[in-house]
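A short write-up of the structure that comes next.
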Amino acid sequence: MADTDRAASMDKIVALCKRKGFIFQNSEIYGGQNGFWDYGPLGVELKRNVREAWWRDMVTLHDPLDAPAGAPAPFQMVGVETSIIMHPQVWKASGHYDLFVDKMVDCRECKGRFRQDHMASIPCPNKPSKMAGEHDACQLTEPRDFNLMFKTIIGALGTEEDAAFLRPETAQGMFTNFQNIVDSSRVKVPFGVAQVGKSFRNEITPRNFTFRSREFEQMEMEFFCPPDQSREWYEYWRDRRYNWYVNLGIESDNLILRDHESDELSHYSVGTADVEYQFPFLPEGEYGELEGVAHRGDFDLRSHMEGKLVKDENGCLVVEKDENGQPRHRGSGRDLTYFDDTAFERDKESLGVKSFKAYCEQRSGENDPGAPYRYIPHVIEPAAGADRATLAFLCEAYFEDEQPDEKGKLQSRTVMRFHPRLAPVKVAVLPLIKKGGMPEKAKELFHNLKTAGIVCQYDEQSAIGRRYRRQDEIGTPWCVTIDGQTVDEDNTVTLRDRDTLEQVRLPTDEVVDEVSRRLRSS
RNA sequence: GCGGGUGUAACUCAGUGGUAGAGUGUCAGCUUCCCAAGCUGAAUGUCGCGGGUUCGACUCCCGUCACCCGCUCCA
């Protein structure tokens, strides 16, 4: 597909999102706000389904007794929901505070804005032979702070002293609760903590529909494992997360798993891979990030123990010091190490020691006498964007094809081919015509579907063909039609498939079970 | 943030210095026994927002907001 076609299809998707109630611009009646979006009646169902598919896969269906296929070992998985505003020190210790506060310099002459630490390598827009700020005509402002974290004030009389931040990622809530979770829920390493929630970033350039928003929702999981197994776990989660998208209907041609180059890695990461989708708003062959799966080592827990970490000249993580030799941003001072009692109990006989204390004393000369039984767990973090995944599913579902109308003439059809589990509406109940007892019969079935908790719609408005198309356009996988045969003969209905247009007849009483069965097996 | 483009009904878009139309969609009625059918009727816009010029602005000018494209940015 040419790039112009790709852009055109994106325009159609955006228009459909608005027309059918998937996604609206936030505060639209006031002119809108850059970087903020609202989900409409169908969008909220779709996004809920995305979230639930993730939570089900991660938490609800996870069986801690057996290792899932491909996993190095059995593991446990729990969920949390932590607050959006956290203690300001969290962001200082994690590094976000320093990292997100960029010094920016404006040029009054060329109207350019530059990151102060990048200026030496950015050509002056007016005189590209010189670097920004070095041309005689340049009129630079003083460097100013640009904080990518949303700032707020705690307390009604709050001053700048009471400044706090909306979280730019949900992950820190899992790290700061690490000890609480270990102490309260009897989990043992390796285990994961999952969370779904809103995050906020003051993006400089929100763009591409909901892809880069200032308020967005993340589906993050922090997986804590022994340091010597972290590589295997990283590879496991990377592949498993890629497959999650494939299983929910993303064609593998549009989806890639891309390992980061070493110079692309965050300062704390020893390995990161992105799950990326070929969005229609990108040029052909370019992909946008849906999810980052990062091997974060012990960076996060260590930061919250010791304080903000930086790499020293040897590439080792050390606490960053201020001019007085004190930590630049102190940590909590809590001991967040983990004692692997299972492994120690297993090994202690062969080690010839009675207690862990004795083991440590025996190894008192070592660098880390508690190793490998007491350690800071390493972290594997699959961090997915719920809005980005939702957008990818929307783009992937969009199809235009041609189907014959009642006169046999081909008519174009817009159909959203959502995976049935993601479809906002699962089934529509349609009386073929508005009389002959069909509406009554249809309403009865509709009530039964409702009672069974299946999201469904009832529609008796206008011709049957048009109603099918309406449902196609919002991606409803099945339509049940009540006709004369239902009422006058054998109480059977037709069940129409969105993609094949094929119809099967089945007894009205079996519709709820059949739809449930199809949803389960999809 | 910079440069370019765009902004008229729910959607797609016409339009003119004299306060607005089409198609689709939506709604109501009739008809209709399976894929955007037909007929009849109806509702909807302060022409993105604010200011200026003008007797009069949707139209011209300025500002602003939003969207798209290109740069920049992207933990």
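In the structure tokens, each chain is lettered A, B, ... as it comes, each chain's residues begin at 1, and ligands are numbered from 1 in order of appearance.
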Which residues are near region 17-31 of chain B? Cut-off 12 Å, only C-alpha atoms (C1' of nucleotides), ignore same chain within fewer than 6 positions. Put them as a ChimeraX atom specification. /A:16,19-20,433-435,461-463,466,470 /B:8-11,37-47,53-60
Taking only C-alpha atoms (C1' of nucleotides) into account, which residues of chain B are within 10 Å of chain A, as an mmCIF file with N, CA, C and O atoms (P, O5', C5', C4', C3', O3' and C1' of nucleotides), in the first residue's frame?
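Output contents, as saved in out-v9.cif:
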```
data_model
loop_
_atom_site.group_PDB
_atom_site.id
_atom_site.type_symbol
_atom_site.label_atom_id
_atom_site.label_comp_id
_atom_site.auth_asym_id
_atom_site.auth_seq_id
_atom_site.Cartn_x
_atom_site.Cartn_y
_atom_site.Cartn_z
ATOM 1 P P G B 1 3.816 25.378 21.375
ATOM 2 O "O5'" G B 1 5.231 25.547 20.696
ATOM 3 C "C5'" G B 1 6.139 26.510 21.207
ATOM 4 C "C4'" G B 1 7.395 26.414 20.421
ATOM 5 C "C3'" G B 1 7.210 26.600 18.921
ATOM 6 O "O3'" G B 1 7.185 27.972 18.573
ATOM 7 C "C1'" G B 1 8.542 24.690 19.327
ATOM 8 P P C B 2 6.330 28.450 17.280
ATOM 9 O "O5'" C B 2 7.271 28.019 16.082
ATOM 10 C "C5'" C B 2 8.552 28.609 15.938
ATOM 11 C "C4'" C B 2 9.248 28.040 14.734
ATOM 12 C "C3'" C B 2 8.420 28.025 13.459
ATOM 13 O "O3'" C B 2 8.420 29.271 12.796
ATOM 14 C "C1'" C B 2 9.442 25.920 13.753
ATOM 15 P P A B 10 -23.187 18.158 13.698
ATOM 16 O "O5'" A B 10 -22.466 16.733 13.567
ATOM 17 C "C5'" A B 10 -22.056 16.029 14.747
ATOM 18 C "C4'" A B 10 -21.797 14.596 14.379
ATOM 19 C "C3'" A B 10 -20.979 14.422 13.111
ATOM 20 O "O3'" A B 10 -19.608 14.370 13.392
ATOM 21 C "C1'" A B 10 -22.988 13.167 12.946
ATOM 22 P P C B 11 -18.589 15.082 12.339
ATOM 23 O "O5'" C B 11 -18.536 14.040 11.150
ATOM 24 C "C5'" C B 11 -17.962 12.747 11.345
ATOM 25 C "C4'" C B 11 -18.068 11.959 10.069
ATOM 26 C "C3'" C B 11 -17.503 12.654 8.838
ATOM 27 O "O3'" C B 11 -16.109 12.456 8.723
ATOM 28 C "C1'" C B 11 -19.658 11.823 8.352
ATOM 29 P P U B 12 -15.240 13.592 8.012
ATOM 30 O "O5'" U B 12 -15.651 13.457 6.485
ATOM 31 C "C5'" U B 12 -15.318 12.298 5.748
ATOM 32 C "C4'" U B 12 -15.794 12.430 4.330
ATOM 33 C "C3'" U B 12 -15.417 13.736 3.650
ATOM 34 O "O3'" U B 12 -14.098 13.713 3.138
ATOM 35 C "C1'" U B 12 -17.708 13.274 3.259
ATOM 36 P P G B 25 -27.597 6.066 3.836
ATOM 37 O "O5'" G B 25 -27.234 6.537 5.312
ATOM 38 C "C5'" G B 25 -26.177 5.915 6.026
ATOM 39 C "C4'" G B 25 -25.905 6.667 7.307
ATOM 40 C "C3'" G B 25 -27.066 6.739 8.277
ATOM 41 O "O3'" G B 25 -27.155 5.583 9.082
ATOM 42 C "C1'" G B 25 -26.141 8.890 8.014
ATOM 43 P P U B 32 -45.837 -5.385 2.825
ATOM 44 O "O5'" U B 32 -44.277 -5.679 2.756
ATOM 45 C "C5'" U B 32 -43.642 -5.880 1.510
ATOM 46 C "C4'" U B 32 -42.156 -6.014 1.701
ATOM 47 C "C3'" U B 32 -41.704 -7.132 2.633
ATOM 48 O "O3'" U B 32 -41.728 -8.399 2.004
ATOM 49 C "C1'" U B 32 -40.497 -5.160 3.134
ATOM 50 P P C B 33 -42.130 -9.614 2.912
ATOM 51 O "O5'" C B 33 -40.824 -10.500 2.854
ATOM 52 C "C5'" C B 33 -39.554 -9.945 3.135
ATOM 53 C "C4'" C B 33 -38.651 -11.028 3.645
ATOM 54 C "C3'" C B 33 -38.541 -12.232 2.734
ATOM 55 O "O3'" C B 33 -37.235 -12.781 2.924
ATOM 56 C "C1'" C B 33 -39.371 -12.916 4.819
ATOM 57 P P C B 34 -36.202 -12.808 1.757
ATOM 58 O "O5'" C B 34 -34.874 -12.362 2.488
ATOM 59 C "C5'" C B 34 -34.582 -10.976 2.689
ATOM 60 C "C4'" C B 34 -33.128 -10.864 3.081
ATOM 61 C "C3'" C B 34 -32.233 -11.826 2.310
ATOM 62 O "O3'" C B 34 -30.973 -11.201 2.104
ATOM 63 C "C1'" C B 34 -32.056 -12.241 4.619
ATOM 64 P P C B 35 -30.635 -10.738 0.586
ATOM 65 O "O5'" C B 35 -29.706 -9.485 0.826
ATOM 66 C "C5'" C B 35 -30.203 -8.314 1.473
ATOM 67 C "C4'" C B 35 -29.057 -7.600 2.128
ATOM 68 C "C3'" C B 35 -27.852 -7.418 1.215
ATOM 69 O "O3'" C B 35 -27.251 -6.179 1.524
ATOM 70 C "C1'" C B 35 -27.214 -8.549 3.173
ATOM 71 P P A B 36 -27.714 -4.888 0.570
ATOM 72 O "O5'" A B 36 -27.413 -3.679 1.535
ATOM 73 C "C5'" A B 36 -27.928 -3.395 2.772
ATOM 74 C "C4'" A B 36 -28.066 -1.915 2.851
ATOM 75 C "C3'" A B 36 -28.396 -1.213 1.531
ATOM 76 O "O3'" A B 36 -29.253 -0.132 1.812
ATOM 77 C "C1'" A B 36 -26.419 -0.337 2.406
ATOM 78 P P A B 37 -30.851 -0.429 1.787
ATOM 79 O "O5'" A B 37 -31.155 -1.111 0.407
ATOM 80 C "C5'" A B 37 -31.083 -0.399 -0.790
ATOM 81 C "C4'" A B 37 -32.281 -0.718 -1.629
ATOM 82 C "C3'" A B 37 -33.359 0.359 -1.684
ATOM 83 O "O3'" A B 37 -33.018 1.403 -2.581
ATOM 84 C "C1'" A B 37 -34.378 -1.722 -1.300
ATOM 85 P P G B 48 -15.578 27.575 10.399
ATOM 86 O "O5'" G B 48 -15.324 27.196 11.939
ATOM 87 C "C5'" G B 48 -15.992 26.097 12.527
ATOM 88 C "C4'" G B 48 -15.455 25.880 13.918
ATOM 89 C "C3'" G B 48 -15.403 27.137 14.779
ATOM 90 O "O3'" G B 48 -16.631 27.400 15.409
ATOM 91 C "C1'" G B 48 -13.337 25.989 14.901
ATOM 92 P P C B 49 -17.128 28.904 15.648
ATOM 93 O "O5'" C B 49 -16.173 29.463 16.784
ATOM 94 C "C5'" C B 49 -16.223 28.939 18.107
ATOM 95 C "C4'" C B 49 -15.140 29.556 18.953
ATOM 96 C "C3'" C B 49 -15.088 31.072 18.927
ATOM 97 O "O3'" C B 49 -16.027 31.668 19.813
ATOM 98 C "C1'" C B 49 -12.916 30.226 18.598
ATOM 99 P P C B 65 -2.658 28.802 20.880
ATOM 100 O "O5'" C B 65 -3.866 27.785 20.661
ATOM 101 C "C5'" C B 65 -4.812 27.558 21.711
ATOM 102 C "C4'" C B 65 -5.957 26.729 21.191
ATOM 103 C "C3'" C B 65 -5.579 25.437 20.486
ATOM 104 O "O3'" C B 65 -5.302 24.400 21.396
ATOM 105 C "C1'" C B 65 -7.189 26.574 19.197
ATOM 106 P P A B 66 -4.305 23.230 21.001
ATOM 107 O "O5'" A B 66 -5.131 22.420 19.907
ATOM 108 C "C5'" A B 66 -6.253 21.647 20.297
ATOM 109 C "C4'" A B 66 -6.974 21.125 19.081
ATOM 110 C "C3'" A B 66 -6.135 20.283 18.141
ATOM 111 O "O3'" A B 66 -6.000 18.951 18.587
ATOM 112 C "C1'" A B 66 -7.382 21.847 16.890
ATOM 113 P P C B 67 -4.700 18.114 18.154
ATOM 114 O "O5'" C B 67 -4.999 17.735 16.645
ATOM 115 C "C5'" C B 67 -6.068 16.845 16.332
ATOM 116 C "C4'" C B 67 -6.283 16.811 14.844
ATOM 117 C "C3'" C B 67 -5.059 16.440 14.011
ATOM 118 O "O3'" C B 67 -4.845 15.041 13.957
ATOM 119 C "C1'" C B 67 -6.083 18.349 13.077
ATOM 120 P P C B 68 -3.350 14.511 13.777
ATOM 121 O "O5'" C B 68 -3.042 14.795 12.242
ATOM 122 C "C5'" C B 68 -3.756 14.117 11.234
ATOM 123 C "C4'" C B 68 -3.327 14.605 9.870
ATOM 124 C "C3'" C B 68 -1.824 14.587 9.611
ATOM 125 O "O3'" C B 68 -1.341 13.305 9.245
ATOM 126 C "C1'" C B 68 -2.707 16.661 8.934
ATOM 127 P P U B 72 14.998 16.176 12.361
ATOM 128 O "O5'" U B 72 14.705 16.848 13.763
ATOM 129 C "C5'" U B 72 15.330 18.083 14.107
ATOM 130 C "C4'" U B 72 14.694 18.646 15.338
ATOM 131 C "C3'" U B 72 14.517 17.660 16.490
ATOM 132 O "O3'" U B 72 15.710 17.459 17.226
ATOM 133 C "C1'" U B 72 12.519 18.869 16.187
ATOM 134 P P C B 73 16.034 16.032 17.759
ATOM 135 O "O5'" C B 73 14.908 15.784 18.849
ATOM 136 C "C5'" C B 73 14.834 16.607 20.008
ATOM 137 C "C4'" C B 73 13.591 16.287 20.790
ATOM 138 C "C3'" C B 73 13.430 14.813 21.206
ATOM 139 O "O3'" C B 73 14.175 14.506 22.366
ATOM 140 C "C1'" C B 73 11.393 15.614 20.308
ATOM 141 P P C B 74 14.905 13.096 22.447
ATOM 142 O "O5'" C B 74 13.686 12.090 22.614
ATOM 143 C "C5'" C B 74 12.837 12.178 23.750
ATOM 144 C "C4'" C B 74 11.635 11.303 23.556
ATOM 145 C "C3'" C B 74 11.918 9.830 23.246
ATOM 146 O "O3'" C B 74 12.238 9.083 24.388
ATOM 147 C "C1'" C B 74 10.268 10.655 21.771
ATOM 148 P P A B 75 13.299 7.883 24.255
ATOM 149 O "O5'" A B 75 13.564 7.472 25.769
ATOM 150 C "C5'" A B 75 14.637 8.065 26.473
ATOM 151 C "C4'" A B 75 14.381 7.892 27.955
ATOM 152 C "C3'" A B 75 13.595 6.632 28.296
ATOM 153 O "O3'" A B 75 14.464 5.523 28.467
ATOM 154 C "C1'" A B 75 12.546 8.497 29.276
#
```
Using DSSP secondary structure from the backbone, list all helix (DSSP H, G or I) positions within region 202-323 of chain A, as a count of residues only. 35
Among region 10-82 of chain A, which residues does DSSP mark as strand (DSSP E or B) when it is run on the backbone? Keep the chain and numbering as in the structure and answer as an MDAnalysis selection string. chainID A and resid 23:25 37:39 76:79
Would you work out the distance separating CA of Thr60 (chain A) from CA of Met174 (chain A), expressed in Å to one decimal?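 That distance, rounded to one decimal, is 18.2 Å.
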Env of region 369-385 of chain A: 8 Å cut, atoms = only C-alpha atoms (C1' of nucleotides), seq-sep filter 3 positions within chain, self excluded. Answer as a ChimeraX atom specification. /A:189,216-227,230,233-234,237-238,241,290-302,336-341,343-344,356,359-361,363-366,388-389
In Å, how far is it from CA of Val512 (chain A) to CA of Met416 (chain A)?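 That distance, rounded to one decimal, is 22.8 Å.
Pairwise distance (CA of Thr508 (chain A), CA of Ile454 (chain A)) equals 15.5 Å.
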Nearest to Ala8 (chain A) by atom-to-atom distance, counting only C-alpha atoms, from A:Gly436, A:Pro280, A:Glu289, A:Lys357: A:Pro280
Which of these residues is nearest to Phe75 (chain A), using only C-alpha atoms: A:Val187, A:Ile154, A:Cys456, A:Ala358? A:Val187
With a distance cut-off of 8 Å and only C-alpha atoms (C1' of nucleotides), select the neighbouring residues of region 37-48 of chain A, excluding the residue or stretch itself and same-chain residues fewer than 6 positions from it, and output the selection as a list in words.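 Listed by chain and then number, they are Cys17, Lys20, Gly21, Phe22, Ile23, Phe24, Gln25, Asn26, Thr210, Ser213, Ala386, Asp387, Thr390, Leu422, Ala423, Pro424, Val425 and Ile474 of chain A.
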